[in-house]
Number of protein chains: 2
Amino acid sequence: MPTDTRTGAPEPAAQDRTAPAKTAGRPLGLGDVALTDGLLGHWQRRNAAATLPHAVEQVRAAGVLDNFRRVAEQTEEPFRGGYPFADTDAYKTLEAAAYELARGGEHDSGEHDAGRAAVRAFYEEAVHLIEGAQGDDGYLSSFHQGTDTPVEPWADLAGGHELYNLGHLIQGALAAARRLGDDRLLNVARRFADLVVDRFGEEGRAEYCGHPQVETALVELYRETGHEPYLRQAELFVERRGSGLFAGAPFGPAYYADHAPLRDLDTVTGHAVRMVYLAAGATDVAIERGDTARTDHLLRLWDDMVRTKSYVTGGIGSRHSDEAFGDRYELPSERAYAETCAAIGTMQWGWRLFLATGSAAVLDHVERVLYNGFAAGVSLEGTRFFYDNPLQRRPDHTDGRPADPAEPLRRRWFGCACCPPNAARWISGLQDHVALETPDGLTVALLTACRIRSAALTVDVVTDYPWDGRVTVRVLAARDEPATLTLRVPAWATTPRVTVDGAPIAGEPGDSEISHGWLRLTRAWRPGQEVVLDLPMRPTLVVSHPAVDATRGAVAVVRGPVVHCLERADSPAPLDELVVHTVGAGTVSERTAGGDSPSDDPVLRHAVTAHVSRRPAPSDDPYPAADRTDPPTPSTTTPVALVPYHLWANREPGAMRVWLRHT
Amino acid sequence: MPTDTRTGAPEPAAQDRTAPAKTAGRPLGLGDVALTDGLLGHWQRRNAAATLPHAVEQVRAAGVLDNFRRVAEQTEEPFRGGYPFADTDAYKTLEAAAYELARGGEHDSGEHDAGRAAVRAFYEEAVHLIEGAQGDDGYLSSFHQGTDTPVEPWADLAGGHELYNLGHLIQGALAAARRLGDDRLLNVARRFADLVVDRFGEEGRAEYCGHPQVETALVELYRETGHEPYLRQAELFVERRGSGLFAGAPFGPAYYADHAPLRDLDTVTGHAVRMVYLAAGATDVAIERGDTARTDHLLRLWDDMVRTKSYVTGGIGSRHSDEAFGDRYELPSERAYAETCAAIGTMQWGWRLFLATGSAAVLDHVERVLYNGFAAGVSLEGTRFFYDNPLQRRPDHTDGRPADPAEPLRRRWFGCACCPPNAARWISGLQDHVALETPDGLTVALLTACRIRSAALTVDVVTDYPWDGRVTVRVLAARDEPATLTLRVPAWATTPRVTVDGAPIAGEPGDSEISHGWLRLTRAWRPGQEVVLDLPMRPTLVVSHPAVDATRGAVAVVRGPVVHCLERADSPAPLDELVVHTVGAGTVSERTAGGDSPSDDPVLRHAVTAHVSRRPAPSDDPYPAADRTDPPTPSTTTPVALVPYHLWANREPGAMRVWLRHT
């Protein structure tokens with residue numbers, strides 16, 4: 001584990017961002033799990049080679065380091081960027097940098113090496129400036145420090161984001177300490193955390209931050225340090241919330257998740273990112289406290305969100321106004337906000353709920369988010385980003401801002417840049433969310449190409465998932481006594497097949513059954529053994545719940561965990577005029593295997609084929625009588641390619657639809 | 001015409017808010033047209049008795065008069081209300097007050113007299129304070145005056161609203177001068193207008209206001225005064241717009257209708273109210289300049305708006321964010337913004353387009369707005385208001401703000417109070433939008449109970465329209481030579497019948513035909529003659545254009561110009577579970593005529609009956625496979641009452657749908 005940050009530091013034990021004390025399983029992460037040549041591994045390589053160097057450049061250009069410098073060196077420079085949470089752009093980037101620098105070691109091109117050097121230089125400079133900017137009392141929020149701050153420290157908890165800043169500082173610091181063995185940021189984070197415990201602790205002010213985030217971070221800081229006051233502080237922040245502290249704040253209390261205590265909610269509402277960050281923190285606290293009643297409630301809240309407030313892409317947040325959840329079943333495609341950060345928050349919450357409950361269904365939804373609502377947030381080459389992720393783009397789309405020809409769809413960066421570095425840190429830590437070590441063996445939570453080392457079993461997972469449903473687990477090493485290999489079987493796979501060393505398993509109740517979304521195989525494993533889980537993947541038309549007005553009479557095409565969409569570039573007619581009849585069996589890549597194009601096209605090779613006909617409106621009349629006689633839908637159909645939703649907007653800009661007319 | 005504002009003033013000639021010089025017809029207004037006992041007349045009586053006294057109370061309570069006082073008396077009081085356009089709440093209220101005080105003369109209850117006295121006192125005090133607040137140079141904007149203003153005059157045209165303030169000042173002043181013969185406000189308005197012409201005229205700064213409004217007002221001021229520089233100033237403001245003055249303003253240029261010159265647009269976009277106010281002003285200018293090319297373009301823009309960006313209620317503005325138009329066919333029911341002010345702006349634009357083009361189709365849409373999207377903005381009793389007018393309310397609806405049990409739906413007033421006094425002034429001037437005097441006779445544009453006096457004909461229009469389609473026009477007086485009586489025949493009336501003195505007209509081409517939405521009858525009219533226009537009204541199911549995703553597979557019920565809706569109070573089951581099969585023939589009132597309840601209920605008496613069955617979702621699965629086998633829709637149906645949309649939310653709060661599932 002190479003690190004240039006602190007010569008001679010001992011190589012740290014591989015630990016995990018989320019390593020709860022009180023679940024049956026211990027998550028396996030960097031060091032134990034290496035993503036290999038599948039899609040997730042590709043994302044990580046892209047992250048290291050493209051996204052992270054790009055983020056470093058953008059964070060520098062936005063003046064985020066200058067903000068720390070201005071405090072550290074007490075200059076007269078104005079604060080740059082306007083947002084009091086700008087510091088977190090650096091913290092998130094540092095978190096990602098710690099992961100990718102720790103991973104290191106691949107033989108890259110010179111260009112990649114240059115990017116790596118830039119990331120390393122950023123890391124060093126940022127840590128130095130952050131150390132310098134911290135106040136004598138431990139306080140650190142560059143917006144509120146300096147001589148020209150418009151807001152005094154702690155004067156505006158609703159909008160100030162100081163505790164949110166601390167949360168991301170802690171997470172960056174834990175990554176640096178755990179991955180690089182560099183405790184400098186952790187010392188900064190603990191001093192700030194200690195100040196917070198002193199100010200807001202049991203006997204302190206019964207207040208909390210307008211933007212939840214610090215809760216998960218404090219629990220993780222407790223896990224790392226064993227210092228119980230951090231856990232208690234997280235618990236206090238969760239439990240106090242809903243007291244009406246922000247009743248008079250600018251966006252109304254629900255925006256701050258402060259309209260009611262979380263424990264009293266029966267549905268998620270308000271600002272989507274804040275709500276799922278809070279729920280993730282509450283789940284962490286419930287895990288550590290062993291509070292199953294609280295966990296049960298959080299699972300009900302999750303289920304309600306999945307059933308009534310989540311897009312088919314897993315996106316959440318139906319409203320641009322307040323970046324908020326809508327009412328139940330309010331899920332408009334074209335104005336889906338579905339913020340990339342909200343997708344990350346959903347996965348964070350879901351992972352913790354899985355740790356708390358062992359639910360495979362929760363992971364099914366996490367996977368839906370991962371491959372769709374989240375993945376769309378980053379461009380194919382890794383340096384363009386979506387902030388919001390709608391499921392439809394009208395041909396004449398405008399959001400009222402002038403279009404930038406250089407960035408017609410995804411953008412290079414944002415004035416409010418929360419999403420891009422959040423995506424970078426999430427991708428950098430994907431291996432932490434793949435597998436669990438349990439007392440009786442190994443659980444594979446996410447099916448993806450990787451190598452996993454655990455006490456009981458070391459295995460290679462070989463698969464082209466999510467493009468292909470065949471997952472081969474090869475045993476590389478095993479302990480002597482029997483161990484249970486547990487693989488998740490997604491619910492969409494209605495007819496999974498399993499072989500062990502080529503022989504089908506009986507599938508009878510017992511130790512080889514599939515139950516509640518898990519395949520459990522208990523054996524005295526030997527190196528060389530091979531388990532094959534085959535999940536038949538076929539493109540499927542789905543409809544939406546009848547209360548979803550936005551997509552009534554329309555169908556979406558899903559294949560395994562991947563949602564597809566139609567882009568104008570692949571359509572013979574305006575998208576709004578097409579009616580889908582059926583969907584073909586395989587992907588373009590499968591059909592052209594061994595042939596030539598378009599199986600090499602990175603967008604089209606995973607496309608599926610829908611059979612459509614053109615059915616334009618019979619008239620311009622916006623509201624004709626229902627009993628008019630329309631021309632019948634033509635029975636002749638044309639095949640069109642539906643590309644994976646997360647790959648849309650990587651070619652020429654144009655209209656797009658996930659939900660296609662069925663009538 | 002009683003007025004206590006200026007003893008001995010001559011009774012002014014009845015003139016009109018919109019009296020263009022260059023159209024074939026002269027609009028007839030107060031003095032020439034009296035709304036009698038129909039729905040519009042009822043609204044005016046409610047306006048005088050309830051809305052206007054309520055507005056006066058709220059405007060006072062909000063400190064709007066105090067803001068003028070603070071400038072007039074140079075006190076140290078802070079500006080109240082925060083919005084730089086707060087002055088217009090007073091101007092709009094004064095405009096309505098001038099109309100209603102001028103109408104006066106009805107024998108009211110003591111309570112009404114008390115309200116009337118309060119309105120009169122407000123009028124006097126406000127005029128006095130406004131006169132006192134005006135600067136020596138003519139400038140008047142109480143937010144920007146005073147000692148503690150955060151913004152200097154003219155320093156922020158994007159957000160400052162000073163010219164917008166002038167526009168409403170002019171309109172209030174014209175109403176006072178024309179209706180009450182009181183020129184005091186007009187003198188104030190002219191001094192401010194002259195300052196504006198001096199600063200922004202031909203040789204002045206090529207700038208304009210962030211919020212269009214002054215354009216229509218300046219044209220009207222020109223019509224009143226004959227002073228051409230006012231017309232030219234309006235023209236300059238219209239023509240300059242789109243220069244990019246607000247390219248860097250907070251909400252992006254489209255919000256300020258500044259992304260392109262209006263003449264270059266092929267669709268309305270950006271902030272809905274600003275866009276239609278601008279288009280109304282541009283139409284006024286085109287009328288005065290006799291610029292038919294410009295008028296043709298504005299009509300195309302209108303048609304595009306009606307066909308692709310208008311709700312079935314006539315509402316516009318699909319997005320809460322930026323209060324903006326959506327893309328074409330982006331028309332979500334539940335998040336329709338459809339601001340009441342945008343409905344008023346649409347009617348203002350449409351009326352001017354009608355004057356410019358004579359189009360009956362434009363009036364059909366104006367009427368759709370009037371009886372639905374606009375009318376819903378005011379409660380049954382006239383003292384509660386909607387700012388936005390969605391077409392659907394989910395059972396668990398929240399907008400993130402705490403619900404106020406006292407104002408669960410319509411609210412008493414708003415911090416940003418643009419809509420309520422705007423509704424009051426619009427209702428006060430409805431008679432100005434009913435009829436035109438033409439060289440050859442009289443044109444009845446809006447079918448409503450009224451008495452119309454014109455040079456050629458004086459008639460009583462007797463009708464219960466829009467509740468009943470029979471319109472009887474009784475000739476009370478006629479000139480000796482032949483005159484043409486022209487009546488609008490709405491396009492929804494597919495089988496209109498006409499009799500003159502009981503005898504059906506031939507309907508052949510000629511002087512008794514119905515053509516392009518107009519019935520023209522040229523006769524040597526005699527007092528006592530009676531024309532009956534019978535427009536069969538039956539409840540009709542309509543669908544939406546197939547590109548409107550939000551309402552696919554759903555139907556709305558319209559009857560004549562009135563859109564109906566289903567409220568939870570009238571439904572046997574949750575609204576989202578109901579499927580509509582058919583709709584009955586008559587209204588509740590028609591069926592129970594001569595009987596007892598519910599024909600007396602002010603909401604239910606105009607309801608129609610739909611036959612529905614309950615079809616709950618077969619499962620909680622949000623996105624099931626399309627080929628699942630659902631239980632069939634039950635064939636047994638239940639009748640439910642669908643009340644007029646504009647009367648919704650006058651009973652207990654609950655869910656509501658305009659568009660009901662058809663599948």
# chains A, B, ... in the order shown; residues from 1 in each chain; ligands from 1

$ select_by_dssp --residues "segment 316-482 of chain A" --states "alpha helix (DSSP H)" --output "PyMOL selection string"
chain A and resi 340-357+360-368+419-428

$ residues_around --residues "Ala272 of chain B" --least-positions-apart "3" --cutoff "6 Å" --atoms "only C-alpha atoms" --output "list of chain:residue names"
B:Met275, B:Gly317, B:Ala324, B:Phe325

$ write_last_selection --atoms "N, CA, C and O atoms" --output "mmCIF file, in the first residue's frame"
data_model
loop_
_atom_site.group_PDB
_atom_site.id
_atom_site.type_symbol
_atom_site.label_atom_id
_atom_site.label_comp_id
_atom_site.auth_asym_id
_atom_site.auth_seq_id
_atom_site.Cartn_x
_atom_site.Cartn_y
_atom_site.Cartn_z
ATOM 1 N N MET B 275 -44.278 36.632 -19.581
ATOM 2 C CA MET B 275 -44.414 36.421 -21.021
ATOM 3 C C MET B 275 -45.770 36.899 -21.537
ATOM 4 O O MET B 275 -45.838 37.603 -22.557
ATOM 5 N N GLY B 317 -48.210 27.744 -17.274
ATOM 6 C CA GLY B 317 -47.108 27.699 -16.309
ATOM 7 C C GLY B 317 -47.072 26.322 -15.682
ATOM 8 O O GLY B 317 -47.776 26.057 -14.714
ATOM 9 N N ALA B 324 -42.604 28.986 -14.378
ATOM 10 C CA ALA B 324 -42.319 29.015 -15.815
ATOM 11 C C ALA B 324 -43.216 28.106 -16.644
ATOM 12 O O ALA B 324 -43.778 27.127 -16.152
ATOM 13 N N PHE B 325 -43.328 28.452 -17.925
ATOM 14 C CA PHE B 325 -43.833 27.519 -18.914
ATOM 15 C C PHE B 325 -42.927 26.290 -18.930
ATOM 16 O O PHE B 325 -41.721 26.384 -18.697
#

$ residues_around --residues "segment 536-544 of chain A" --least-positions-apart "4" --cutoff "9 Å" --atoms "only C-alpha atoms" --output "ChimeraX atom specification"
/A:312,467-470,492-497,548-549,551-560,582-587,608-609,659 /B:621-627

$ residues_around --residues "Asp576 of chain A" --least-positions-apart "3" --cutoff "8 Å" --atoms "only C-alpha atoms" --output "list in words"
Pro616, Leu660 and Arg661 of chain A; Pro546 and Ala547 of chain B

$ write_last_selection --atoms "all heavy atoms" --output "compact mmCIF listing (two decimals), in the first residue's frame"
# COMPACT_ATOMS: atom_id res chain seq x y z
N PRO A 616 -48.65 9.31 -35.02
CA PRO A 616 -48.73 10.74 -34.71
C PRO A 616 -50.13 11.13 -34.25
O PRO A 616 -51.09 10.39 -34.46
CB PRO A 616 -48.37 11.42 -36.03
CG PRO A 616 -48.62 10.40 -37.08
CD PRO A 616 -48.47 9.05 -36.45
N LEU A 660 -42.04 4.84 -22.87
CA LEU A 660 -42.47 4.98 -24.26
C LEU A 660 -43.96 4.66 -24.34
O LEU A 660 -44.46 3.79 -23.60
CB LEU A 660 -41.69 4.00 -25.14
CG LEU A 660 -40.18 4.29 -25.16
CD1 LEU A 660 -39.40 3.02 -25.51
CD2 LEU A 660 -39.87 5.42 -26.14
N ARG A 661 -44.63 5.35 -25.22
CA ARG A 661 -46.08 5.14 -25.36
C ARG A 661 -46.38 3.67 -25.68
O ARG A 661 -45.72 3.05 -26.50
CB ARG A 661 -46.64 6.02 -26.47
CG ARG A 661 -46.71 7.49 -26.14
CD ARG A 661 -47.08 8.32 -27.36
NE ARG A 661 -48.34 7.88 -27.96
CZ ARG A 661 -48.77 8.28 -29.16
NH1 ARG A 661 -48.05 9.12 -29.88
NH2 ARG A 661 -49.92 7.84 -29.62
N PRO B 546 -51.75 13.09 -27.57
CA PRO B 546 -50.96 11.92 -27.14
C PRO B 546 -49.55 12.25 -26.64
O PRO B 546 -48.94 11.42 -25.97
CB PRO B 546 -50.91 11.03 -28.38
CG PRO B 546 -51.36 11.89 -29.53
CD PRO B 546 -52.22 12.96 -28.95
N ALA B 547 -49.06 13.44 -26.95
CA ALA B 547 -47.72 13.79 -26.44
C ALA B 547 -47.75 14.28 -25.00
O ALA B 547 -46.70 14.45 -24.39
CB ALA B 547 -47.07 14.84 -27.33

$ residues_around --residues "Trp43 of chain B" --least-positions-apart "6" --cutoff "12 Å" --atoms "only C-alpha atoms" --output "PyMOL selection string"
chain B and resi 35-37+49-52+100+370-371+375+378-383+423-431+448

$ closest_residue --among "B:Thr267, B:Asn67, B:Thr398, B:Thr472" --to "chain A" --atoms "only C-alpha atoms"
B:Thr398

$ residues_around --residues "Trp302 of chain B" --least-positions-apart "3" --cutoff "12 Å" --atoms "only C-alpha atoms" --output "PyMOL selection string"
chain B and resi 265-269+275-276+279-280+283+295-299+305-310+316+346-347+349-354+359+361-363+365-366

$ residues_around --residues "Gly244 of chain A" --least-positions-apart "6" --cutoff "9 Å" --atoms "only C-alpha atoms" --output "PDB file with N, CA, C and O atoms, in the first residue's frame"
ATOM      1  N   PRO A 253     -39.953  23.923   7.182  1.00  0.00           N
ATOM      2  CA  PRO A 253     -39.258  22.895   7.975  1.00  0.00           C
ATOM      3  C   PRO A 253     -39.004  21.576   7.245  1.00  0.00           C
ATOM      4  O   PRO A 253     -37.998  20.921   7.505  1.00  0.00           O
ATOM      5  N   ASP A 258     -37.191  18.729   9.213  1.00  0.00           N
ATOM      6  CA  ASP A 258     -37.431  19.180  10.589  1.00  0.00           C
ATOM      7  C   ASP A 258     -38.914  19.385  10.874  1.00  0.00           C
ATOM      8  O   ASP A 258     -39.281  20.009  11.849  1.00  0.00           O
ATOM      9  N   HIS A 259     -39.776  18.869  10.008  1.00  0.00           N
ATOM     10  CA  HIS A 259     -41.214  19.070  10.205  1.00  0.00           C
ATOM     11  C   HIS A 259     -41.784  18.119  11.229  1.00  0.00           C
ATOM     12  O   HIS A 259     -42.848  18.353  11.785  1.00  0.00           O
ATOM     13  N   ALA A 260     -41.082  17.028  11.482  1.00  0.00           N
ATOM     14  CA  ALA A 260     -41.521  16.043  12.466  1.00  0.00           C
ATOM     15  C   ALA A 260     -40.309  15.181  12.783  1.00  0.00           C
ATOM     16  O   ALA A 260     -39.381  15.097  11.974  1.00  0.00           O
TER      17      ALA A 260
END

$ atom_distance --atom1 "atom CA of Leu166 of chain A" --atom2 "atom CA of Val151 of chain A"
17.3 Å

$ closest_residue --among "A:Thr663, A:Ser333, A:Ser141, A:Asn422" --to "Asp89 of chain A" --atoms "only C-alpha atoms"
A:Asn422

$ closest_residue --among "A:Arg69, A:Arg614, A:Arg319, A:His545" --to "chain B" --atoms "only C-alpha atoms"
A:His545

$ closest_residue --among "B:Leu519, B:Ala249, B:Val188, B:Val127" --to "chain A" --atoms "only C-alpha atoms"
B:Ala249

$ closest_residue --among "A:Val580, A:Leu604, A:Leu195, A:Val33" --to "Pro639 of chain A" --atoms "only C-alpha atoms"
A:Val580

$ closest_residue --among "B:Ala175, B:Val64, B:Ala478, B:Leu140" --to "Arg103 of chain B" --atoms "only C-alpha atoms"
B:Ala175

$ closest_atom_pairs --of "segment 254-320 of chain A" --to "segment 210-229 of chain A" --cutoff "7 Å" --atoms "only C-alpha atoms" --output "Markdown table"
| residue | atom | partner | partner_atom | distance |
| --- | --- | --- | --- | --- |
| A:Tyr256 | CA | A:Gly210 | CA | 5.3 |
| A:Arg274 | CA | A:Pro212 | CA | 5.6 |
| A:Tyr277 | CA | A:Gln213 | CA | 5.6 |
| A:Leu278 | CA | A:Pro212 | CA | 5.2 |
| A:Ala280 | CA | A:Thr216 | CA | 6.6 |
| A:Gly281 | CA | A:Thr216 | CA | 4.3 |
| A:Asp284 | CA | A:Thr216 | CA | 6.3 |
| A:Val285 | CA | A:Val219 | CA | 6.8 |

$ atom_distance --atom1 "atom CA of Gly138 of chain B" --atom2 "atom CA of Ile287 of chain B"
29.0 Å

$ atom_distance --atom1 "atom CA of Leu521 of chain A" --atom2 "atom CA of Val473 of chain A"
11.8 Å

$ select_by_dssp --residues "segment 167-365 of chain B" --states "strand (DSSP E or B)" --output "ChimeraX atom specification"
/B:271,310,316,319,324
